[in-house]
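S.K.: Before we start, here is the structure in question, set down as structure tokens.
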Amino acid sequence: MKEDANWIYNLSKSKLEENVFAVSLTVKELLKVRMQNKSVIKNGVLCLMALENPVDFDNGQMVVLDRTNVSRSNSKENHHFFPFSLSKNFGTDNDGINSLLNFVLISGRLNREISDDLPSVYLDNYERQNDKMKDHLLSHFINKEALDAARLDDYQSFIQKRGELILEKIFEKTKIVDSSEPEEEIIEEN
């Protein structure tokens with residue numbers, strides 16, 4: 001902050017100097033982003049989610065995304081993949097369960113249908129109905145590793161694997177090279 005303050009002070013004195021703003025984004029940082037908070041990172045990730053053209057994973061129908069659906073944090077299209085009501089079952093608190101990494105964009109219909117079911121239960125049901133469910137989950141940044149964790153109701157592993165995939169997509173879209181040290185697996189601090 002001191003460097004930024006000095007740079008701005010110098011600008012006010014007409015001393016034009018180049019300033020490079022370093023960006024440090026990790027899975028751990030993504031985990032801290034809450035759907036209820038205003039955040040540039042949250043908005044950027046929601047845009048990435050929308051660019052994937054999310055589909056309902058029970059039937060492959062395109063999720064309609066418009067201002068009314070995505071802009072409100074409590075929208076029916078903003079679904080806790082691991083249910084909010086069961087957060088204690090997953091070893092997390094309200095902050096953890098409201099992490100951006102636990103949200104998917106699905107239709108209000110599917111959200112109401114899933115309600116408070118465990119991921120292991122609803123994923124098993126939908127996989128029996130939809131042989132393309134795994135492909136449809138990819139439109140939500142849920143790959144095989146994240147799906148395997150969800151089938152075990154393993155919240156910590158799910159957000160870690162999903163976060164890695166989202167971060168990879170951020171780096172791909174922004175052309176930023178990841179020069180950070182490898183992170184250890186995320187364990188939430190309660």
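Identifiers in the structure tokens: chain A, B, ... in order shown; residue index from 1 per chain; ligand index from 1 in order shown.
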Show which residues sit within 8 Å of Glu52 (chain A), as an mmCIF file with N, CA, C and O atoms, in the first residue's frame. Count only C-alpha atoms, and ignore same-chain residues fewer than 2 positions away.

M.R.:
data_model
loop_
_atom_site.group_PDB
_atom_site.id
_atom_site.type_symbol
_atom_site.label_atom_id
_atom_site.label_comp_id
_atom_site.auth_asym_id
_atom_site.auth_seq_id
_atom_site.Cartn_x
_atom_site.Cartn_y
_atom_site.Cartn_z
ATOM 1 N N LEU A 48 -17.047 -16.082 -16.111
ATOM 2 C CA LEU A 48 -16.465 -17.320 -16.653
ATOM 3 C C LEU A 48 -17.483 -18.452 -16.639
ATOM 4 O O LEU A 48 -17.569 -19.239 -17.585
ATOM 5 N N MET A 49 -18.242 -18.533 -15.535
ATOM 6 C CA MET A 49 -19.275 -19.572 -15.447
ATOM 7 C C MET A 49 -20.301 -19.391 -16.563
ATOM 8 O O MET A 49 -20.720 -20.365 -17.190
ATOM 9 N N ALA A 50 -20.698 -18.145 -16.804
ATOM 10 C CA ALA A 50 -21.683 -17.876 -17.855
ATOM 11 C C ALA A 50 -21.123 -18.211 -19.234
ATOM 12 O O ALA A 50 -21.846 -18.733 -20.095
ATOM 13 N N PRO A 54 -23.694 -22.837 -19.009
ATOM 14 C CA PRO A 54 -24.090 -23.906 -18.090
ATOM 15 C C PRO A 54 -25.429 -24.526 -18.468
ATOM 16 O O PRO A 54 -26.335 -23.849 -18.958
ATOM 17 N N SER A 139 -19.744 -28.017 -17.637
ATOM 18 C CA SER A 139 -20.176 -26.640 -17.893
ATOM 19 C C SER A 139 -20.273 -25.834 -16.595
ATOM 20 O O SER A 139 -20.518 -24.634 -16.629
ATOM 21 N N HIS A 140 -20.028 -26.507 -15.475
ATOM 22 C CA HIS A 140 -20.022 -25.860 -14.151
ATOM 23 C C HIS A 140 -18.641 -25.961 -13.491
ATOM 24 O O HIS A 140 -18.525 -25.769 -12.285
#

S.K.: Find the residues around Asn111 (chain A) up to 12 Å (only C-alpha atoms counted), leave out those fewer than 2 positions away in its own chain, and share them as a ChimeraX atom specification.

M.R.: /A:56-58,63,74-83,103-109,113-117,122

S.K.: Hey, what does DSSP flag as helix (DSSP H, G or I) within chain A? Can you give it to me as a ChimeraX atom specification?

M.R.: /A:2-12,27-32,40-51,67-70,84-90,94-97,100-102,108-114,119-129,133-138,144-151,155-174

S.K.: Using only C-alpha atoms, which of A:Ile8, A:Thr26, A:Leu86, A:Leu147 sits nearest Met133 (chain A)?

M.R.: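 Residue with the minimum atom-to-atom distance to Met133 (chain A): A:Leu147.
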
S.K.: For a quick check of understanding, using only C-alpha atoms, which of A:His136, A:Lys173, A:Ile41, A:Glu168 has the smallest distance to Met62 (chain A)?

M.R.: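 Using only C-alpha atoms, Met62 (chain A) sits closest to A:His136.
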
S.K.: What's the separation between CA of Gln156 (chain A) and CA of Leu123 (chain A), in Å to one decimal place?

M.R.: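 Computing the Euclidean distance for CA of Gln156 (chain A) and CA of Leu123 (chain A) yields 17.5 Å.
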
S.K.: Which value, in Å to one decimal, gives the distance between CA of Asp153 (chain A) and CA of Ile170 (chain A)?

M.R.: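 Atom-to-atom, CA of Asp153 (chain A) to CA of Ile170 (chain A), that is 26.1 Å.
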
S.K.: Have a look at CA of Pro119 (chain A) and CA of Arg151 (chain A) and let me know their distance in Å, one decimal.

M.R.: 6.2 Å

S.K.: Please identify which residues in region 19-133 of chain A DSSP calls strand (DSSP E) from the backbone, and express them as a ChimeraX atom specification.

M.R.: /A:78-80,103-105

S.K.: Write to file, as a PDB file, in the first residue's frame, the residues of the selection just made, with C-alpha atoms.

M.R.:
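Written output follows (again.pdb):
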ATOM      1  CA  ASN A  78     -27.341 -19.510  -7.717  1.00  0.00           C
ATOM      2  CA  HIS A  79     -27.321 -22.958  -6.152  1.00  0.00           C
ATOM      3  CA  HIS A  80     -25.216 -24.238  -3.262  1.00  0.00           C
ATOM      4  CA  PHE A 103     -22.059 -22.244  -6.239  1.00  0.00           C
ATOM      5  CA  VAL A 104     -23.303 -23.417  -9.613  1.00  0.00           C
ATOM      6  CA  LEU A 105     -25.673 -21.705 -12.032  1.00  0.00           C
TER       7      LEU A 105
END

S.K.: Looking at only C-alpha atoms, which of A:Ile97, A:Leu152, A:Val55, A:Leu118 is the one that sits closest to Lys132 (chain A)?

M.R.: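 With only C-alpha atoms as the atom set, the closest residue is A:Val55.
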
S.K.: Using only C-alpha atoms, can you tell me which of A:Asn98, A:Glu164, A:Asn130, A:Lys175 comes closest to Phe84 (chain A)?

M.R.: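 Smallest distance to Phe84 (chain A) is found for A:Asn98.
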
S.K.: Any idea what's packed within 12 Å of Asn6 (chain A), counting only C-alpha atoms, ignoring anything in its chain fewer than 4 positions away? Could you give it as a list in words?

M.R.: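 Within the cut-off, the hits are Met1, Lys2, Asn10, Leu11, Ser12, Lys13, Lys15, Leu16, Glu17 and Asn19 of chain A.
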
S.K.: Take the selection from the previous step and output its residues with N, CA and C atoms, as a short mmCIF file (atom, residue, chain, number, x, y, z; two decimals), in the first residue's frame.

M.R.:
data_model
loop_
_atom_site.label_atom_id
_atom_site.label_comp_id
_atom_site.auth_asym_id
_atom_site.auth_seq_id
_atom_site.Cartn_x
_atom_site.Cartn_y
_atom_site.Cartn_z
N MET A 1 0.82 -1.18 0.00
CA MET A 1 0.00 0.00 0.00
C MET A 1 0.87 1.26 0.00
N LYS A 2 1.99 1.18 0.71
CA LYS A 2 2.89 2.35 0.76
C LYS A 2 3.42 2.66 -0.64
N ASN A 10 3.26 10.75 -6.41
CA ASN A 10 4.12 11.21 -7.51
C ASN A 10 3.30 11.60 -8.73
N LEU A 11 2.21 10.87 -9.00
CA LEU A 11 1.33 11.25 -10.11
C LEU A 11 0.74 12.63 -9.88
N SER A 12 0.36 12.90 -8.65
CA SER A 12 -0.22 14.21 -8.34
C SER A 12 0.80 15.34 -8.52
N LYS A 13 2.07 15.00 -8.48
CA LYS A 13 3.16 15.98 -8.69
C LYS A 13 3.67 15.93 -10.12
N LYS A 15 4.76 13.46 -11.84
CA LYS A 15 5.87 12.52 -12.07
C LYS A 15 5.26 11.21 -12.57
N LEU A 16 5.27 11.04 -13.87
CA LEU A 16 4.69 9.85 -14.47
C LEU A 16 5.68 8.70 -14.42
N GLU A 17 5.31 7.69 -13.68
CA GLU A 17 6.15 6.50 -13.55
C GLU A 17 5.29 5.29 -13.86
N ASN A 19 3.84 1.74 -13.31
CA ASN A 19 3.55 0.95 -12.12
C ASN A 19 2.94 -0.36 -12.58
#
